[in-house]
file target_17.cif (mmCIF, C-alpha atoms)
data_data
#
loop_
_atom_site.label_atom_id
_atom_site.label_comp_id
_atom_site.auth_asym_id
_atom_site.auth_seq_id
_atom_site.Cartn_x
_atom_site.Cartn_y
_atom_site.Cartn_z
CA MET T 14 87.67 63.95 93.61
CA VAL T 15 89.13 64.71 97.01
CA LEU T 16 86.65 66.55 99.22
CA LYS T 17 88.06 69.64 100.92
CA THR T 18 86.71 70.93 104.23
CA LEU T 19 87.66 74.07 106.10
CA THR T 20 87.91 74.78 109.80
CA ILE T 21 87.83 78.41 110.97
CA GLY T 22 88.87 78.66 114.59
CA GLY T 23 91.51 78.86 117.27
CA SER T 24 94.68 76.92 117.95
CA ASP T 25 94.68 74.84 121.13
CA THR T 26 98.29 74.75 122.26
CA TRP T 27 97.50 71.68 124.37
CA GLY T 28 96.45 69.84 121.20
CA GLY T 29 93.06 68.69 122.44
CA GLY T 30 90.55 71.04 120.84
CA GLY T 31 90.42 73.77 118.23
CA ILE T 32 91.80 73.38 114.74
CA GLN T 33 94.19 70.64 115.86
CA THR T 34 91.27 68.32 116.61
CA ASP T 35 89.29 69.54 113.60
CA LEU T 36 92.10 68.72 111.17
CA ARG T 37 92.73 65.32 112.76
CA THR T 38 89.03 64.53 112.52
CA PHE T 39 88.88 65.56 108.87
CA GLU T 40 91.87 63.33 108.13
CA GLN T 41 90.39 60.36 109.97
CA LEU T 42 87.15 60.71 107.99
CA ASP T 43 88.91 60.92 104.62
CA VAL T 44 88.36 64.57 103.75
CA PHE T 45 91.20 67.02 103.10
CA GLY T 46 91.38 69.60 105.86
CA LEU T 47 92.14 73.29 105.42
CA SER T 48 92.33 75.88 108.17
CA VAL T 49 91.92 79.58 108.89
CA LEU T 50 93.41 80.49 112.26
CA THR T 51 91.67 83.15 114.35
CA CYS T 52 93.43 83.01 117.72
CA LEU T 53 95.77 81.12 120.02
CA ALA T 54 94.84 79.56 123.36
CA VAL T 55 97.79 79.63 125.74
CA GLU T 56 98.68 79.46 129.42
CA ALA T 57 100.10 82.72 130.72
CA ALA T 58 100.85 83.47 134.38
CA ASP T 59 98.98 80.30 135.38
CA ASP T 60 95.84 81.47 133.59
CA PHE T 61 94.00 80.38 130.44
CA VAL T 62 94.29 83.16 127.85
CA ILE T 63 92.97 83.71 124.31
CA ARG T 64 95.25 85.72 122.00
CA PRO T 65 93.32 86.89 118.89
CA LEU T 66 95.19 87.21 115.61
CA PRO T 67 95.01 90.51 113.70
CA VAL T 68 91.76 90.69 111.72
CA ALA T 69 93.67 91.57 108.54
CA LEU T 70 95.57 88.29 108.82
CA VAL T 71 92.35 86.31 109.25
CA GLU T 72 90.95 88.06 106.18
CA GLU T 73 94.02 87.18 104.11
CA GLN T 74 93.63 83.53 105.07
CA LEU T 75 89.97 83.51 104.02
CA GLN T 76 90.81 85.19 100.73
CA THR T 77 93.51 82.60 100.07
CA ILE T 78 91.04 79.75 100.65
CA GLU T 79 88.34 81.30 98.48
CA ARG T 80 90.75 81.95 95.59
CA ASN T 81 92.28 78.48 95.54
CA PHE T 82 89.80 75.86 96.77
CA GLU T 83 86.35 74.50 96.05
CA LEU T 84 85.01 73.62 99.48
CA ALA T 85 82.67 70.77 100.42
CA GLY T 86 82.01 71.95 103.97
CA VAL T 87 83.01 74.45 106.66
CA LYS T 88 83.18 74.14 110.43
CA ILE T 89 83.44 77.34 112.52
CA GLY T 90 84.79 77.35 116.06
CA LEU T 91 86.24 80.07 118.28
CA LEU T 92 86.35 83.50 116.60
CA ALA T 93 87.54 85.38 119.70
CA ASP T 94 86.64 88.99 118.85
CA LEU T 95 83.84 91.05 117.30
CA GLU T 96 85.69 92.11 114.14
CA THR T 97 86.53 88.52 113.31
CA VAL T 98 82.89 87.51 113.80
CA SER T 99 81.85 90.20 111.31
CA LEU T 100 84.48 89.02 108.85
CA VAL T 101 83.36 85.40 109.08
CA GLN T 102 79.72 86.49 108.81
CA ASP T 103 80.52 88.11 105.46
CA PHE T 104 82.25 84.89 104.36
CA CYS T 105 79.21 82.80 105.33
CA GLN T 106 76.81 85.18 103.63
CA ARG T 107 78.83 85.04 100.38
CA ASN T 108 78.90 81.25 100.43
CA GLN T 109 75.51 80.36 101.92
CA GLY T 110 74.02 77.38 100.11
CA ARG T 111 77.25 76.40 98.35
CA PHE T 112 78.29 73.94 101.05
CA PRO T 113 77.19 73.00 104.59
CA ILE T 114 78.37 75.34 107.34
CA ILE T 115 78.49 74.07 110.93
CA LEU T 116 78.91 76.54 113.77
CA ASP T 117 80.20 75.41 117.14
CA PRO T 118 79.32 78.61 119.05
CA VAL T 119 82.22 78.60 121.48
CA MET T 120 81.32 81.02 124.25
CA ALA T 121 82.63 79.38 127.40
CA PHE T 122 85.42 77.02 128.30
CA LYS T 123 85.57 74.08 130.67
CA GLU T 124 89.08 75.29 131.58
CA THR T 125 87.80 78.51 133.15
CA LYS T 126 84.67 79.65 134.99
CA ASP T 127 84.36 82.89 133.03
CA ALA T 128 82.28 83.15 129.85
CA LEU T 129 83.38 85.23 126.94
CA GLN T 130 82.03 88.76 126.96
CA ARG T 131 78.30 89.30 126.57
CA ASP T 132 78.75 91.45 123.49
CA TYR T 133 80.57 88.55 121.83
CA ILE T 134 77.64 86.28 122.63
CA GLU T 135 75.20 88.69 121.04
CA LYS T 136 77.47 89.26 118.04
CA ILE T 137 77.91 85.59 117.25
CA LYS T 138 74.12 85.21 116.99
CA GLU T 139 74.38 87.27 113.80
CA LEU T 140 76.03 84.26 112.16
CA PHE T 141 73.03 82.00 112.76
CA PRO T 142 70.98 82.90 109.63
CA TYR T 143 73.89 81.84 107.41
CA VAL T 144 74.77 78.43 108.90
CA ASP T 145 73.15 75.01 108.59
CA LEU T 146 73.55 73.83 112.18
CA ILE T 147 74.79 75.11 115.54
CA THR T 148 76.18 72.72 118.16
CA PRO T 149 76.19 74.42 121.59
CA ASN T 150 77.22 72.50 124.67
CA ARG T 151 75.31 72.78 127.95
CA ARG T 152 76.73 76.11 129.05
CA GLU T 153 76.49 77.68 125.60
CA ALA T 154 72.90 76.47 125.32
CA GLN T 155 72.23 78.08 128.68
CA PHE T 156 73.36 81.48 127.37
CA LEU T 157 71.50 81.13 124.07
CA SER T 158 68.23 79.98 125.63
CA GLY T 159 68.30 82.38 128.59
CA MET T 160 67.72 79.45 130.97
CA GLU T 161 69.43 78.66 134.24
CA ALA T 162 71.97 75.83 134.51
CA LEU T 163 70.89 72.82 132.44
CA THR T 164 71.14 69.59 134.38
CA SER T 165 68.46 67.18 133.08
CA ALA T 166 67.63 65.72 129.68
CA GLU T 167 64.29 67.53 129.82
CA GLU T 168 66.00 70.87 130.40
CA LEU T 169 68.39 70.26 127.51
CA SER T 170 65.47 69.42 125.23
CA PHE T 171 63.59 72.55 126.28
CA ALA T 172 66.71 74.66 125.75
CA ALA T 173 67.06 73.28 122.21
CA GLU T 174 63.40 74.14 121.59
CA GLN T 175 63.86 77.69 122.86
CA ILE T 176 67.01 78.30 120.81
CA ALA T 177 65.37 76.99 117.63
CA LYS T 178 62.30 79.12 118.27
CA LYS T 179 64.30 82.30 118.95
CA THR T 180 66.76 81.94 116.09
CA GLY T 181 65.11 79.78 113.44
CA VAL T 182 68.32 77.76 113.10
CA LYS T 183 68.76 73.99 113.39
CA VAL T 184 70.35 73.25 116.72
CA LEU T 185 72.05 70.25 118.32
CA VAL T 186 72.55 70.69 122.07
CA THR T 187 75.34 68.37 123.17
CA GLY T 188 74.82 66.78 126.55
CA GLY T 189 78.42 65.92 127.37
CA GLU T 190 78.74 63.37 130.16
CA SER T 191 75.01 62.53 129.99
CA GLY T 192 75.50 60.92 126.58
CA ILE T 193 72.25 62.48 125.34
CA ASP T 194 72.32 65.06 122.53
CA THR T 195 69.13 66.85 121.46
CA TYR T 196 68.42 68.00 117.90
CA ARG T 197 65.73 70.56 117.18
CA GLU T 198 64.50 71.79 113.78
CA GLY T 199 61.28 73.80 113.89
CA SER T 200 58.81 71.61 115.79
CA PHE T 201 60.81 68.41 115.18
CA THR T 202 62.92 67.02 118.02
CA GLN T 203 65.18 63.99 118.08
CA SER T 204 67.41 62.71 120.86
CA PHE T 205 70.61 60.83 120.18
CA THR T 206 71.89 58.43 122.80
CA GLY T 207 74.96 56.28 122.81
CA PRO T 208 77.58 54.65 124.98
CA ILE T 209 79.16 56.89 127.61
CA SER T 210 82.92 56.81 127.97
CA LEU T 211 84.18 57.00 131.55
CA LYS T 212 87.65 58.00 130.42
CA LYS T 213 89.02 61.47 131.17
CA THR T 214 90.47 61.94 127.68
CA ASN T 215 87.53 64.07 126.57
CA HIS T 216 89.15 67.45 125.94
CA GLY T 217 88.18 68.48 122.41
CA ALA T 218 85.09 66.26 122.24
CA GLY T 219 82.86 69.15 121.15
CA CYS T 220 85.28 70.20 118.40
CA CYS T 221 85.57 66.59 117.27
CA PHE T 222 81.76 66.24 117.12
CA SER T 223 81.08 69.34 115.04
CA SER T 224 83.97 68.75 112.62
CA ALA T 225 82.90 65.12 112.17
CA ILE T 226 79.37 66.29 111.32
CA CYS T 227 80.88 68.69 108.77
CA ALA T 228 82.95 65.90 107.19
CA HIS T 229 80.00 63.51 106.92
CA LEU T 230 77.77 66.20 105.41
CA ALA T 231 80.51 66.94 102.87
CA GLN T 232 80.43 63.26 101.94
CA GLY T 233 76.72 63.44 101.17
CA PHE T 234 75.17 61.93 104.28
CA SER T 235 71.97 63.47 105.63
CA LEU T 236 72.16 65.64 108.72
CA ILE T 237 70.61 62.95 110.93
CA GLU T 238 72.98 60.30 109.56
CA SER T 239 75.92 62.66 110.04
CA ILE T 240 75.02 63.25 113.69
CA GLU T 241 74.68 59.52 114.36
CA LYS T 242 77.98 58.65 112.70
CA SER T 243 79.77 61.55 114.38
CA LYS T 244 78.50 60.62 117.83
CA ASN T 245 80.09 57.19 117.49
CA HIS T 246 83.30 58.75 116.16
CA VAL T 247 83.56 61.00 119.23
CA TYR T 248 83.00 58.08 121.61
CA GLN T 249 85.78 56.09 119.97
CA SER T 250 88.08 59.13 119.97
CA ILE T 251 87.58 59.55 123.74
CA GLU T 252 88.14 55.85 124.35
CA ASN T 253 91.44 56.03 122.45
CA GLY T 254 92.49 59.46 123.72
CA VAL T 255 95.85 60.72 124.94
CA ILE T 256 96.55 61.43 128.61
CA VAL T 257 97.76 64.97 129.31
CA GLY T 258 98.34 65.69 133.00
CA GLU T 259 95.36 64.54 135.05
CA ALA T 260 92.98 64.38 132.09
CA GLY T 261 93.59 64.20 128.35
CA ASN T 262 92.60 64.78 124.74
CA VAL T 263 90.46 63.01 122.18
CA TRP T 264 92.56 61.43 119.47
CA ARG T 265 91.33 58.80 116.99
CA PRO T 266 88.50 56.28 116.63
CA GLN T 267 90.63 53.20 117.01
CA LYS T 268 94.18 52.25 117.81
CA LYS T 269 96.33 51.03 114.96
CA GLU T 270 97.94 47.63 115.23
CA SER T 271 101.58 47.88 116.27
CA VAL T 272 104.08 46.55 113.74
#

call {"tool": "encode", "arguments": {"input": "target_17.cif", "output": "structure tokens"}}
result
Amino acid sequence: MVLKTLTIGGSDTWGGGGIQTDLRTFEQLDVFGLSVLTCLAVEAADDFVIRPLPVALVEEQLQTIERNFELAGVKIGLLADLETVSLVQDFCQRNQGRFPIILDPVMAFKETKDALQRDYIEKIKELFPYVDLITPNRREAQFLSGMEALTSAEELSFAAEQIAKKTGVKVLVTGGESGIDTYREGSFTQSFTGPISLKKTNHGAGCCFSSAICAHLAQGFSLIESIEKSKNHVYQSIENGVIVGEAGNVWRPQKKESV
């Protein structure tokens, strides 16, 4: 039976993150990817802008998925507005326990210095009781933990501890360029280390990581195994990324032989 996984999130017009990377990752890991689009990320007047889709349209997409597919896993990314968060919360509550749900709590973007609105940050926390894992990056972990800027491995570990304590959810704080990711579940902590890519083709790495975890969980791997396998997948996808301007996007774990 073909395993079907769903990504709920935004479209990255640059092709590096969002549902574009999620669907590529699902394909590379041999699960069939489905999508529910919540918003579009575009460049307008030399600025980075998020354009939310009408909530009714997001709801119709979710209804279509629920009527027609038996899911093996769900990854949630950028939801963009409060009504959409509420809609996705209802979806998660209806389906809790039926399949793993991974939430990448997108609150801030490397492309801009501004975080999403504070009310959005508080609203998205309402999803936490219905998901199996959250995967905040450094800045997102900073908001969720209430700490100042996180710069050291010790600070990242403490932030993971604080988030798990405040929310009761399993949390994986991704360390980005440090190569150290910290998992916290109750009083249990585990750090994941790996090779660090020096390439600039890292746009979409966070999306790639969380969707890879979703795919591996759908295939029956444990959460720890899924994190380990996904960490290697992300490294390879950065190493074989695509240059866009002065930086670039993650792509695939290995280059195919030319014919």

call {"tool": "closest_residue", "arguments": {"input": "target_17.cif", "among": "T:Glu83, T:Gly29, T:Lys179, T:Ile21", "to": "Val101 of chain T", "atoms": "all atoms listed in the file"}}
result
T:Ile21

call {"tool": "residues_near_point", "arguments": {"input": "target_17.cif", "point": "(72.7, 81.6, 108.7)", "cutoff": "8 Å", "atoms": "all atoms listed in the file", "output": "PDB file with C-alpha atoms, keeping the file's coordinate frame"}}
result
ATOM      1  CA  CYS T 105      79.210  82.800 105.330  1.00  0.00           C
ATOM      2  CA  GLN T 106      76.810  85.180 103.630  1.00  0.00           C
ATOM      3  CA  GLN T 109      75.510  80.360 101.920  1.00  0.00           C
ATOM      4  CA  GLU T 139      74.380  87.270 113.800  1.00  0.00           C
ATOM      5  CA  LEU T 140      76.030  84.260 112.160  1.00  0.00           C
ATOM      6  CA  PHE T 141      73.030  82.000 112.760  1.00  0.00           C
ATOM      7  CA  PRO T 142      70.980  82.900 109.630  1.00  0.00           C
ATOM      8  CA  TYR T 143      73.890  81.840 107.410  1.00  0.00           C
ATOM      9  CA  VAL T 144      74.770  78.430 108.900  1.00  0.00           C
ATOM     10  CA  ASP T 145      73.150  75.010 108.590  1.00  0.00           C
ATOM     11  CA  VAL T 182      68.320  77.760 113.100  1.00  0.00           C
TER      12      VAL T 182
END

call {"tool": "resolve_selection", "arguments": {"input": "target_17.cif", "expression": "the PyMOL selection byres ((chain T and resi 39-53) around 9)", "output": "VMD selection string"}}
result
chain T and resid 15 to 26 32 34 to 38 54 to 55 62 to 68 70 to 72 74 to 75 78 91 to 94 97 224 to 225 227 to 229 231 to 232 265 to 266

call {"tool": "residues_around", "arguments": {"input": "target_17.cif", "residues": "Ser204 of chain T", "least_positions_apart": "6", "cutoff": "7 Å", "atoms": "only C-alpha atoms", "output": "mmCIF file with C-alpha atoms, in the coordinates of the input"}}
result
data_model
loop_
_atom_site.group_PDB
_atom_site.id
_atom_site.type_symbol
_atom_site.label_atom_id
_atom_site.label_comp_id
_atom_site.auth_asym_id
_atom_site.auth_seq_id
_atom_site.Cartn_x
_atom_site.Cartn_y
_atom_site.Cartn_z
ATOM 1 C CA ILE T 193 72.250 62.480 125.340
ATOM 2 C CA ASP T 194 72.320 65.060 122.530
ATOM 3 C CA THR T 195 69.130 66.850 121.460
ATOM 4 C CA TYR T 196 68.420 68.000 117.900
#

call {"tool": "axis_aligned_box", "arguments": {"input": "target_17.cif", "around": "segment 211-222 of chain T", "padding_each_side": "6 Å", "output": "AutoDock Vina command-line options"}}
result
--center_x 86.1 --center_y 63.6 --center_z 124.3 --size_x 20.7 --size_y 25.2 --size_z 26.4

call {"tool": "closest_residue", "arguments": {"input": "target_17.cif", "among": "T:Ala173, T:Met120, T:Ile251, T:Met160", "to": "Phe201 of chain T", "atoms": "only C-alpha atoms"}}
result
T:Ala173

call {"tool": "atom_distance", "arguments": {"input": "target_17.cif", "atom1": "atom CA of Lys212 of chain T", "atom2": "atom CA of Ile115 of chain T"}}
result
26.9 Å

call {"tool": "atom_distance", "arguments": {"input": "target_17.cif", "atom1": "atom CA of Asn253 of chain T", "atom2": "atom CA of Glu56 of chain T"}}
result
25.5 Å

call {"tool": "resolve_selection", "arguments": {"input": "target_17.cif", "expression": "the PyMOL selection byres ((chain T and resi 154) around 12)", "output": "MDAnalysis selection string"}}
result
chainID T and resid 117:121 134 147:153 155:164 168:177 184:188 194:195

call {"tool": "atom_distance", "arguments": {"input": "target_17.cif", "atom1": "atom CA of Phe222 of chain T", "atom2": "atom CA of Gln267 of chain T"}}
result
15.8 Å

call {"tool": "closest_residue", "arguments": {"input": "target_17.cif", "among": "T:Thr214, T:Ser99, T:Ser223, T:Ser235", "to": "Glu252 of chain T", "atoms": "all atoms listed in the file"}}
result
T:Thr214

call {"tool": "residues_around", "arguments": {"input": "target_17.cif", "residues": "Tyr248 of chain T", "least_positions_apart": "5", "cutoff": "8 Å", "atoms": "only C-alpha atoms", "output": "list in words"}}
result
Pro208, Ile209, Ser210 and Pro266 of chain T

call {"tool": "resolve_selection", "arguments": {"input": "target_17.cif", "expression": "the PyMOL selection byres ((chain T and resi 264) around 6)", "output": "list in words"}}
result
Ser250, Gly254, Val263 and Arg265 of chain T

call {"tool": "closest_residue", "arguments": {"input": "target_17.cif", "among": "T:Phe82, T:Ala218, T:Val98, T:Phe205", "to": "Glu238 of chain T", "atoms": "all atoms listed in the file"}}
result
T:Phe205

call {"tool": "closest_residue", "arguments": {"input": "target_17.cif", "among": "T:Arg197, T:Thr206, T:Leu230, T:Leu211", "to": "Leu84 of chain T", "atoms": "all atoms listed in the file"}}
result
T:Leu230

call {"tool": "closest_residue", "arguments": {"input": "target_17.cif", "among": "T:Ala260, T:Ile226, T:Cys220, T:Ala58", "to": "Lys244 of chain T", "atoms": "all atoms listed in the file"}}
result
T:Ile226
